[in-house]
Amino acid sequence: MRPIKNLALAAALTLLSATGAVPAGEPLPAPTLTPLPERPRAPEFSLRDADGKGHRLSQHRGKVVLINFWATWCPPCRREMPSMQRAWDRLKGEDFMMLAVNVGEDEDTVFAFSFATGVTLDFPILLDRDSAAIRAWPVRALPTSFILDREGRMVYRAVGGREWDDPQLLEKIRALIEP
Amino acid sequence: MPPRTSRAAACAALAAMSSAVPAVETVHRVDPETAIHSWETRSQDVSLRLTQILPGQVRGFYLARGFDAAAAERIAHGCVFQTVLRNESARSVIRFNLSDWRVILPGETRALKLEHDWQQEWAGRGLTESARSAFRWALFPTEHSYEPGDWNMGMTTYALPAGSLFDLRFVWHTAHAKREALLKGLRCAREE
C-alpha cells in the first residue's frame with residue numbers, strides 16, 4: 001500500500017477520534033425512513049467494487065436495494081457500517097441487495113478502513129472515485145441512503161446514519177420484499 | 001475522567017445586535033484528554049453541536065486529500081468546527097441555509113465562510129477536482145431539509161483567527177415558521 005493511503009486513513013481516524021465525533025453516549029439514531037411518495041426512478045450507475053468487479057444498478061432490478069453513499073472519514077458513515085452488515089446478514093437469502101457507494105476514495109483506503117473496523121463487510125462496496133454517480137442522485141451530505149423497490153424506484157430516503165438492523169427498519173424493507 | 005461540563009443559562013441582557021434572538025441553554029464540554037471544546041444545545045425542533053477541530057487535524061485531513069500545503073494551511077486557520085445538526089421533532093420537516101447563520105462578534109455581525117466562498121478560492125489555486133470534491137463532501141451542506149430523524153455531520157468554517165470568541169446565531173425553518181437561536185461563547189481552536 002502506498003504511504004499516502006495510510007496517511008489518508010490515519011488523518012481521518014485521528015480527526016474522528018480526536019474531535020470526539022462519535023462520543024460514548026451518543027444517542028442512537030431514530031429508526032426513521034422518509035417515504036418518497038412520487039417514487040422517482042433511481043439514476044443508473046455503473047461502478048466497480050473494491051475487488052474490481054463491475055456493478056450496474058439496473059442488474060439488481062427485481063430486488064429491493066439499499067443504496068448507501070458514504071466515505072471512510074465520515075463519522076456517522078463509519079458508525080452505521082456494522083449495522084449494515086448485520087442487516088445484510090439478516091436479509092440473506094431474500095430478494096435484497098445492499099450497495100455501499102464510497103465517494104471519492106480508492107480501494108486501498110476502503111480496504112484499510114474495513115480492516116480497521118474489525119468487522120467483515122461482505123456486501124458490495126462500490127467506488128465512485130470521481131463523484132460522477134453521486135452527482136446524479138439527490139444527495140447533499142454523507143451518509144445518505146435510499147431504499148429502492150423491485151422496479152428500481154426510490155421509496156425511502158434517510159439522511160444521516162441509522163442502525164440498519166433496527167427491527168422497524170427491517171420491517172419496512174421486508175414489506176417491500178414481500179408486499 | 002468524564003468531560004468537564006458547565007451550563008450557561010440564557011442571558012437576560014444580550015447585546016443589542018442579538019437581543020431579538022433567544023439565547024438557548026448551552027452545554028459546554030472540554031475533553032479531558034485532548035482539551036478540545038464542544039458546545040451543544042437543543043432548541044425546539046433541533047439540536048446543534050459544534051466541536052473544535054484543531055488546526056493540525058484539519059491540515060492533516062486535507063493534505064491527505066490532495067491539497068497542497070498552502071491550501072491546507074488556509075483551511076487549518078479558518079476556525080473549523082465539526083458540526084452536528086439533528087431534526088429532533090416527531091413530525092416537522094426543518095430546512096436550513098447556512099447563509100442565514102451569523103457570527104456575532106463585539107460590534108460586528110458577519111456571515112460564515114461557506115463552500116461557495118472556498119470553492120472560488122480553490123478554483124484560483126488550481127486544486128484538483130478530486131481534492132475539491134473531497135472538500136465539498138467534508139463540509140456541512142450549505143442548505144438541506146431534514147425529515148424527522150434526519151441528521152448530519154460536517155465541517156463549518158468561520159474565517160476567524162485562532163482563539164477567537166464569538167456567538168453563533170443559527171436559523172432554521174419549519175413548515176410555518178422561521179426560528180432562530182443563539183449559541184453563546186464559542187471559541188475557535190488554537191494551534192496545539
# chains A, B, ... in the order shown; residues from 1 in each chain; ligands from 1
call {"tool": "select_by_dssp", "arguments": {"residues": "range 26-144 of chain A", "states": "helix (DSSP H, G or I)", "output": "short mmCIF file (atom, residue, chain, number, x, y, z; two decimals) with C-alpha atoms, in the first residue's frame"}}
result
data_model
loop_
_atom_site.label_atom_id
_atom_site.label_comp_id
_atom_site.auth_asym_id
_atom_site.auth_seq_id
_atom_site.Cartn_x
_atom_site.Cartn_y
_atom_site.Cartn_z
CA LEU A 57 -27.56 -0.67 -10.60
CA SER A 58 -30.10 -1.96 -13.12
CA GLN A 59 -28.69 -5.50 -12.86
CA HIS A 60 -30.31 -5.69 -9.43
CA PRO A 75 -18.16 9.53 11.39
CA PRO A 76 -21.84 8.60 11.01
CA CYS A 77 -20.96 6.55 7.92
CA ARG A 78 -18.39 4.61 9.91
CA ARG A 79 -20.76 4.15 12.77
CA GLU A 80 -23.58 2.66 10.72
CA MET A 81 -21.42 0.20 8.75
CA PRO A 82 -21.52 -2.64 11.32
CA SER A 83 -25.32 -2.31 11.49
CA MET A 84 -25.43 -2.52 7.70
CA GLN A 85 -23.52 -5.77 7.87
CA ARG A 86 -25.94 -7.11 10.50
CA ALA A 87 -28.91 -6.13 8.32
CA TRP A 88 -27.21 -7.77 5.33
CA ASP A 89 -26.78 -10.96 7.37
CA ARG A 90 -30.42 -10.93 8.49
CA GLU A 107 -9.69 0.72 -2.87
CA ASP A 108 -6.63 0.93 -0.61
CA THR A 109 -8.35 3.44 1.64
CA VAL A 110 -11.54 1.38 1.70
CA PHE A 111 -9.66 -1.85 2.48
CA ALA A 112 -7.74 -0.12 5.26
CA PHE A 113 -10.96 1.22 6.70
CA SER A 114 -12.63 -2.18 6.52
CA PHE A 115 -9.66 -3.74 8.31
CA ALA A 116 -9.70 -1.02 10.97
CA THR A 117 -13.37 -1.61 11.81
CA ALA A 132 -19.88 11.16 -11.06
CA ALA A 133 -22.51 8.73 -9.76
CA ILE A 134 -23.45 10.67 -6.65
CA ARG A 135 -23.92 13.87 -8.63
#
call {"tool": "residues_around", "arguments": {"residues": "range 168-175 of chain A", "least_positions_apart": "4", "cutoff": "9 Å", "atoms": "only C-alpha atoms", "output": "CSV table (one decimal) with all heavy atoms, in the first residue's frame"}}
result
chain,number,residue,atom,x,y,z
A,31,PRO,N,-35.2,5.4,14.3
A,31,PRO,CA,-35.4,4.4,13.2
A,31,PRO,C,-36.4,4.9,12.2
A,31,PRO,O,-37.5,4.3,12.0
A,31,PRO,CB,-35.9,3.2,14.0
A,31,PRO,CG,-36.6,3.8,15.2
A,31,PRO,CD,-35.9,5.1,15.5
A,32,THR,N,-36.0,6.0,11.5
A,32,THR,CA,-37.0,6.6,10.6
A,32,THR,C,-36.5,6.5,9.2
A,32,THR,O,-35.3,6.5,8.9
A,32,THR,CB,-37.1,8.1,10.9
A,32,THR,OG1,-35.9,8.7,10.8
A,32,THR,CG2,-37.7,8.3,12.3
A,33,LEU,N,-37.4,6.3,8.3
A,33,LEU,CA,-37.2,6.4,6.8
A,33,LEU,C,-38.2,7.3,6.3
A,33,LEU,O,-39.4,7.2,6.6
A,33,LEU,CB,-37.3,5.0,6.2
A,33,LEU,CG,-36.3,3.9,6.6
A,33,LEU,CD1,-36.7,2.6,5.9
A,33,LEU,CD2,-34.9,4.3,6.1
A,64,VAL,N,-35.2,-5.7,-3.9
A,64,VAL,CA,-35.2,-4.4,-3.1
A,64,VAL,C,-33.7,-4.1,-2.8
A,64,VAL,O,-32.9,-5.0,-2.5
A,64,VAL,CB,-36.0,-4.6,-1.8
A,64,VAL,CG1,-35.8,-3.4,-0.8
A,64,VAL,CG2,-37.5,-4.8,-2.1
A,65,VAL,N,-33.4,-2.8,-3.0
A,65,VAL,CA,-31.9,-2.4,-2.9
A,65,VAL,C,-31.8,-1.3,-1.9
A,65,VAL,O,-32.5,-0.3,-1.9
A,65,VAL,CB,-31.4,-2.0,-4.3
A,65,VAL,CG1,-29.9,-1.6,-4.2
A,65,VAL,CG2,-31.6,-3.0,-5.3
A,66,LEU,N,-30.8,-1.5,-1.0
A,66,LEU,CA,-30.4,-0.4,-0.1
A,66,LEU,C,-29.1,0.2,-0.7
A,66,LEU,O,-28.1,-0.5,-0.9
A,66,LEU,CB,-30.1,-0.9,1.3
A,66,LEU,CG,-29.4,0.1,2.2
A,66,LEU,CD1,-30.2,1.4,2.5
A,66,LEU,CD2,-29.1,-0.6,3.6
A,87,ALA,N,-27.7,-6.1,9.1
A,87,ALA,CA,-28.9,-6.1,8.3
A,87,ALA,C,-28.7,-7.0,7.1
A,87,ALA,O,-29.6,-7.8,6.7
A,87,ALA,CB,-29.3,-4.7,7.9
A,90,ARG,N,-29.0,-10.5,8.2
A,90,ARG,CA,-30.4,-10.9,8.5
A,90,ARG,C,-31.3,-11.1,7.2
A,90,ARG,O,-32.2,-11.9,7.2
A,90,ARG,CB,-31.1,-9.9,9.4
A,90,ARG,CG,-30.3,-9.7,10.7
A,90,ARG,CD,-31.2,-9.7,11.9
A,90,ARG,NE,-30.3,-9.7,13.0
A,90,ARG,CZ,-30.3,-8.8,13.9
A,90,ARG,NH1,-31.1,-7.8,13.9
A,90,ARG,NH2,-29.4,-8.8,14.9
A,91,LEU,N,-30.9,-10.4,6.2
A,91,LEU,CA,-31.8,-10.4,5.0
A,91,LEU,C,-31.2,-11.4,3.9
A,91,LEU,O,-31.7,-11.4,2.8
A,91,LEU,CB,-31.9,-9.0,4.4
A,91,LEU,CG,-32.7,-8.1,5.3
A,91,LEU,CD1,-32.6,-6.6,4.8
A,91,LEU,CD2,-34.2,-8.5,5.4
A,94,GLU,N,-33.0,-13.5,0.9
A,94,GLU,CA,-34.2,-12.8,0.5
A,94,GLU,C,-33.9,-12.0,-0.8
A,94,GLU,O,-32.7,-11.8,-1.1
A,94,GLU,CB,-34.8,-11.9,1.6
A,94,GLU,CG,-35.0,-12.8,2.9
A,94,GLU,CD,-35.7,-12.0,4.0
A,94,GLU,OE1,-36.6,-11.2,3.6
A,94,GLU,OE2,-35.4,-12.1,5.1
A,96,PHE,N,-33.0,-9.2,-1.8
A,96,PHE,CA,-32.5,-7.9,-1.3
A,96,PHE,C,-31.0,-7.8,-1.7
A,96,PHE,O,-30.2,-8.7,-1.7
A,96,PHE,CB,-32.6,-8.0,0.3
A,96,PHE,CG,-32.0,-6.8,0.9
A,96,PHE,CD1,-32.6,-5.5,0.9
A,96,PHE,CD2,-30.8,-6.9,1.6
A,96,PHE,CE1,-32.0,-4.4,1.5
A,96,PHE,CE2,-30.2,-5.8,2.3
A,96,PHE,CZ,-30.9,-4.5,2.2
A,147,ILE,N,-33.8,3.4,-0.2
A,147,ILE,CA,-34.3,2.1,-0.4
A,147,ILE,C,-35.1,2.1,-1.7
A,147,ILE,O,-36.0,2.9,-1.9
A,147,ILE,CB,-35.3,1.7,0.7
A,147,ILE,CG1,-34.7,1.9,2.1
A,147,ILE,CG2,-35.8,0.2,0.5
A,147,ILE,CD1,-33.7,0.9,2.5
A,149,ASP,N,-37.4,0.0,-4.6
A,149,ASP,CA,-38.3,-1.2,-4.7
A,149,ASP,C,-37.8,-2.1,-5.9
A,149,ASP,O,-36.8,-1.8,-6.5
A,149,ASP,CB,-39.8,-0.7,-4.9
A,149,ASP,CG,-40.0,0.0,-6.2
A,149,ASP,OD1,-39.1,0.0,-7.1
A,149,ASP,OD2,-41.1,0.7,-6.3
A,163,GLU,N,-29.3,2.8,12.4
A,163,GLU,CA,-29.0,1.5,12.9
A,163,GLU,C,-29.8,0.6,12.0
A,163,GLU,O,-31.0,0.3,12.2
A,163,GLU,CB,-29.3,1.3,14.3
A,163,GLU,CG,-28.4,2.0,15.3
A,163,GLU,CD,-27.0,1.4,15.3
A,163,GLU,OE1,-26.8,0.1,15.5
A,163,GLU,OE2,-26.0,2.1,15.1
A,164,TRP,N,-29.2,0.0,10.9
A,164,TRP,CA,-29.9,-0.6,9.9
A,164,TRP,C,-30.5,-1.9,10.2
A,164,TRP,O,-31.4,-2.4,9.5
A,164,TRP,CB,-29.1,-0.7,8.6
A,164,TRP,CG,-28.9,0.6,7.9
A,164,TRP,CD1,-27.8,1.4,8.0
A,164,TRP,CD2,-29.9,1.3,7.2
A,164,TRP,NE1,-28.1,2.6,7.3
A,164,TRP,CE2,-29.3,2.5,6.8
A,164,TRP,CE3,-31.2,1.0,6.8
A,164,TRP,CZ2,-30.1,3.5,6.0
A,164,TRP,CZ3,-31.9,1.9,6.0
A,164,TRP,CH2,-31.3,3.1,5.6
A,179,PRO,N,-44.5,-7.8,-0.5
A,179,PRO,CA,-45.6,-6.9,-0.3
A,179,PRO,C,-46.9,-7.6,-0.1
A,179,PRO,O,-47.1,-8.8,-0.4
A,179,PRO,CB,-45.7,-6.1,-1.6
A,179,PRO,CG,-45.0,-7.0,-2.6
A,179,PRO,CD,-44.0,-7.8,-1.8
call {"tool": "atom_distance", "arguments": {"atom1": "CA of Asp150 in chain B", "atom2": "CA of Asp45 in chain B"}}
result
11.7 Å
call {"tool": "closest_atom_pairs", "arguments": {"of": "chain B", "to": "chain A", "cutoff": "7 Å", "atoms": "only C-alpha atoms", "output": "tab-separated table"}}
result
residue	atom	partner	partner_atom	distance
B:Thr34	CA	A:Ala18	CA	6.8
B:Ile36	CA	A:Thr19	CA	6.8
B:Thr51	CA	A:Thr19	CA	6.6
B:Gln52	CA	A:Thr19	CA	6.8
B:Ile53	CA	A:Thr19	CA	6.1
B:Gln57	CA	A:Leu15	CA	5.7
B:Gly60	CA	A:Ala11	CA	5.6
B:Phe61	CA	A:Ala11	CA	5.0
B:Ala64	CA	A:Ala8	CA	4.6
B:Arg65	CA	A:Ala8	CA	6.8
B:Ser130	CA	A:Asp130	CA	6.4
B:Ala134	CA	A:Gly104	CA	6.5
B:Trp137	CA	A:Ala141	CA	6.5
B:Pro141	CA	A:Ala141	CA	6.0
B:Glu147	CA	A:Thr34	CA	6.6
B:Gly149	CA	A:Ala30	CA	5.1
B:Asp150	CA	A:Val159	CA	5.0
B:Trp151	CA	A:Gly160	CA	4.9
B:Asn152	CA	A:Gly160	CA	4.9
call {"tool": "closest_residue", "arguments": {"among": "A:Asp166, A:Glu178, A:Glu44, A:Asp49", "to": "Asp128 in chain A", "atoms": "only C-alpha atoms"}}
result
A:Asp49
call {"tool": "residues_around", "arguments": {"residues": "Ser38 in chain B", "least_positions_apart": "4", "cutoff": "10 Å", "atoms": "only C-alpha atoms", "output": "list in words"}}
result
Thr19 and Gly20 of chain A; Thr5, Thr26, Val27, His28, Arg29, Val30, Asp31, Arg49, Leu50, Thr51, Gln52, Ile53, Phe81, Gln82, Thr83, Leu186 and Arg187 of chain B
call {"tool": "residues_around", "arguments": {"residues": "Arg125 in chain B", "least_positions_apart": "6", "cutoff": "12 Å", "atoms": "only C-alpha atoms", "output": "PyMOL selection string"}}
result
chain B and resi 67-72+74+118-119+131-132
call {"tool": "atom_distance", "arguments": {"atom1": "CA of Thr174 in chain B", "atom2": "CA of Phe96 in chain B"}}
result
9.0 Å
call {"tool": "atom_distance", "arguments": {"atom1": "CA of Ala175 in chain B", "atom2": "CA of Leu85 in chain B"}}
result
17.7 Å
call {"tool": "closest_residue", "arguments": {"among": "B:Glu121, B:Glu180, B:Glu73, B:Asp167", "to": "Asp100 in chain B", "atoms": "only C-alpha atoms"}}
result
B:Glu180
call {"tool": "closest_residue", "arguments": {"among": "B:His37, B:Arg169, B:Arg86, B:Arg59", "to": "Pro22 in chain B", "atoms": "only C-alpha atoms"}}
result
B:Arg169
call {"tool": "residues_around", "arguments": {"residues": "Gly78 in chain B", "least_positions_apart": "6", "cutoff": "12 Å", "atoms": "only C-alpha atoms", "output": "MDAnalysis selection string"}}
result
chainID B and resid 52:56 58:59 71:72 112:114 118 155:164 188:191
call {"tool": "write_last_selection", "arguments": {"atoms": "N, CA, C and O atoms", "output": "tab-separated table (two decimals), in the first residue's frame"}}
result
chain	number	residue	atom	x	y	z
B	52	GLN	N	-14.70	21.81	18.36
B	52	GLN	CA	-13.48	22.35	17.74
B	52	GLN	C	-12.73	21.26	16.98
B	52	GLN	O	-12.66	20.12	17.44
B	53	ILE	N	-12.17	21.62	15.84
B	53	ILE	CA	-11.20	20.75	15.18
B	53	ILE	C	-9.87	21.51	15.20
B	53	ILE	O	-9.80	22.67	14.75
B	54	LEU	N	-8.85	20.87	15.72
B	54	LEU	CA	-7.56	21.54	15.86
B	54	LEU	C	-6.95	21.80	14.49
B	54	LEU	O	-7.11	20.98	13.57
B	55	PRO	N	-6.22	22.91	14.34
B	55	PRO	CA	-5.61	23.21	13.04
B	55	PRO	C	-4.77	22.05	12.49
B	55	PRO	O	-4.79	21.77	11.29
B	56	GLY	N	-4.04	21.37	13.36
B	56	GLY	CA	-3.21	20.26	12.90
B	56	GLY	C	-4.03	19.12	12.33
B	56	GLY	O	-3.63	18.45	11.38
B	58	VAL	N	-7.03	19.48	10.92
B	58	VAL	CA	-7.56	19.94	9.63
B	58	VAL	C	-6.48	19.85	8.55
B	58	VAL	O	-6.71	19.36	7.44
B	59	ARG	N	-5.30	20.28	8.91
B	59	ARG	CA	-4.17	20.27	7.97
B	59	ARG	C	-3.91	18.84	7.48
B	59	ARG	O	-3.81	18.58	6.28
B	71	ALA	N	-2.81	25.52	0.63
B	71	ALA	CA	-4.27	25.45	0.67
B	71	ALA	C	-4.73	24.79	1.97
B	71	ALA	O	-5.70	25.25	2.60
B	72	ALA	N	-4.03	23.72	2.38
B	72	ALA	CA	-4.40	23.07	3.65
B	72	ALA	C	-4.24	24.04	4.81
B	72	ALA	O	-5.04	24.04	5.76
B	112	LEU	N	-20.89	33.23	7.84
B	112	LEU	CA	-19.91	32.14	7.86
B	112	LEU	C	-19.18	32.12	6.52
B	112	LEU	O	-19.67	32.67	5.52
B	113	LYS	N	-18.05	31.46	6.49
B	113	LYS	CA	-17.39	31.21	5.21
B	113	LYS	C	-17.93	29.88	4.69
B	113	LYS	O	-17.75	28.84	5.32
B	114	LEU	N	-18.59	29.94	3.55
B	114	LEU	CA	-19.33	28.78	3.03
B	114	LEU	C	-18.58	28.11	1.88
B	114	LEU	O	-17.59	28.63	1.37
B	118	TRP	N	-15.18	29.14	-0.48
B	118	TRP	CA	-13.95	28.36	-0.56
B	118	TRP	C	-13.69	27.89	-1.98
B	118	TRP	O	-12.55	27.93	-2.46
B	155	MET	N	-18.06	19.76	8.48
B	155	MET	CA	-17.28	20.90	8.97
B	155	MET	C	-17.97	22.21	8.61
B	155	MET	O	-18.45	22.38	7.49
B	156	THR	N	-17.99	23.14	9.57
B	156	THR	CA	-18.36	24.52	9.27
B	156	THR	C	-17.14	25.40	9.55
B	156	THR	O	-16.33	25.08	10.42
B	157	THR	N	-17.00	26.48	8.77
B	157	THR	CA	-15.82	27.33	8.91
B	157	THR	C	-16.25	28.77	9.11
B	157	THR	O	-17.26	29.21	8.55
B	158	TYR	N	-15.46	29.51	9.90
B	158	TYR	CA	-15.90	30.83	10.37
B	158	TYR	C	-14.94	31.96	10.01
B	158	TYR	O	-15.25	33.12	10.30
B	159	ALA	N	-13.82	31.64	9.42
B	159	ALA	CA	-12.86	32.66	8.97
B	159	ALA	C	-12.50	33.63	10.08
B	159	ALA	O	-12.54	34.85	9.90
B	160	LEU	N	-12.15	33.10	11.23
B	160	LEU	CA	-11.74	33.92	12.37
B	160	LEU	C	-10.36	33.45	12.83
B	160	LEU	O	-10.02	32.27	12.66
B	161	PRO	N	-9.59	34.33	13.44
B	161	PRO	CA	-8.28	33.91	13.94
B	161	PRO	C	-8.40	32.86	15.05
B	161	PRO	O	-9.42	32.81	15.75
B	162	ALA	N	-7.37	32.06	15.20
B	162	ALA	CA	-7.34	31.04	16.26
B	162	ALA	C	-7.62	31.69	17.61
B	162	ALA	O	-7.13	32.78	17.90
B	163	GLY	N	-8.42	31.02	18.39
B	163	GLY	CA	-8.72	31.51	19.74
B	163	GLY	C	-9.83	32.54	19.81
B	163	GLY	O	-10.20	32.96	20.91
B	164	SER	N	-10.39	32.94	18.67
B	164	SER	CA	-11.44	33.97	18.68
B	164	SER	C	-12.67	33.47	19.43
B	164	SER	O	-13.07	32.32	19.31
B	188	CYS	N	-12.77	29.54	18.71
B	188	CYS	CA	-12.01	28.82	17.67
B	188	CYS	C	-10.83	28.10	18.33
B	188	CYS	O	-10.23	28.62	19.27
B	189	ALA	N	-10.50	26.93	17.79
B	189	ALA	CA	-9.38	26.17	18.35
B	189	ALA	C	-8.07	26.93	18.15
B	189	ALA	O	-7.91	27.69	17.19
B	190	ARG	N	-7.15	26.69	19.07
B	190	ARG	CA	-5.80	27.23	18.92
B	190	ARG	C	-4.90	26.13	18.39
B	190	ARG	O	-5.20	24.95	18.52
B	191	GLU	N	-3.77	26.54	17.82
B	191	GLU	CA	-2.77	25.56	17.38
B	191	GLU	C	-2.32	24.75	18.59
B	191	GLU	O	-2.06	25.32	19.64
call {"tool": "select_by_dssp", "arguments": {"residues": "range 48-183 of chain B", "states": "strand (DSSP E)", "output": "VMD selection string"}}
result
chain B and resid 48 to 52 80 to 87 94 to 97 102 to 105 108 to 111 143 to 146 151 to 157 165 to 173 178 to 183
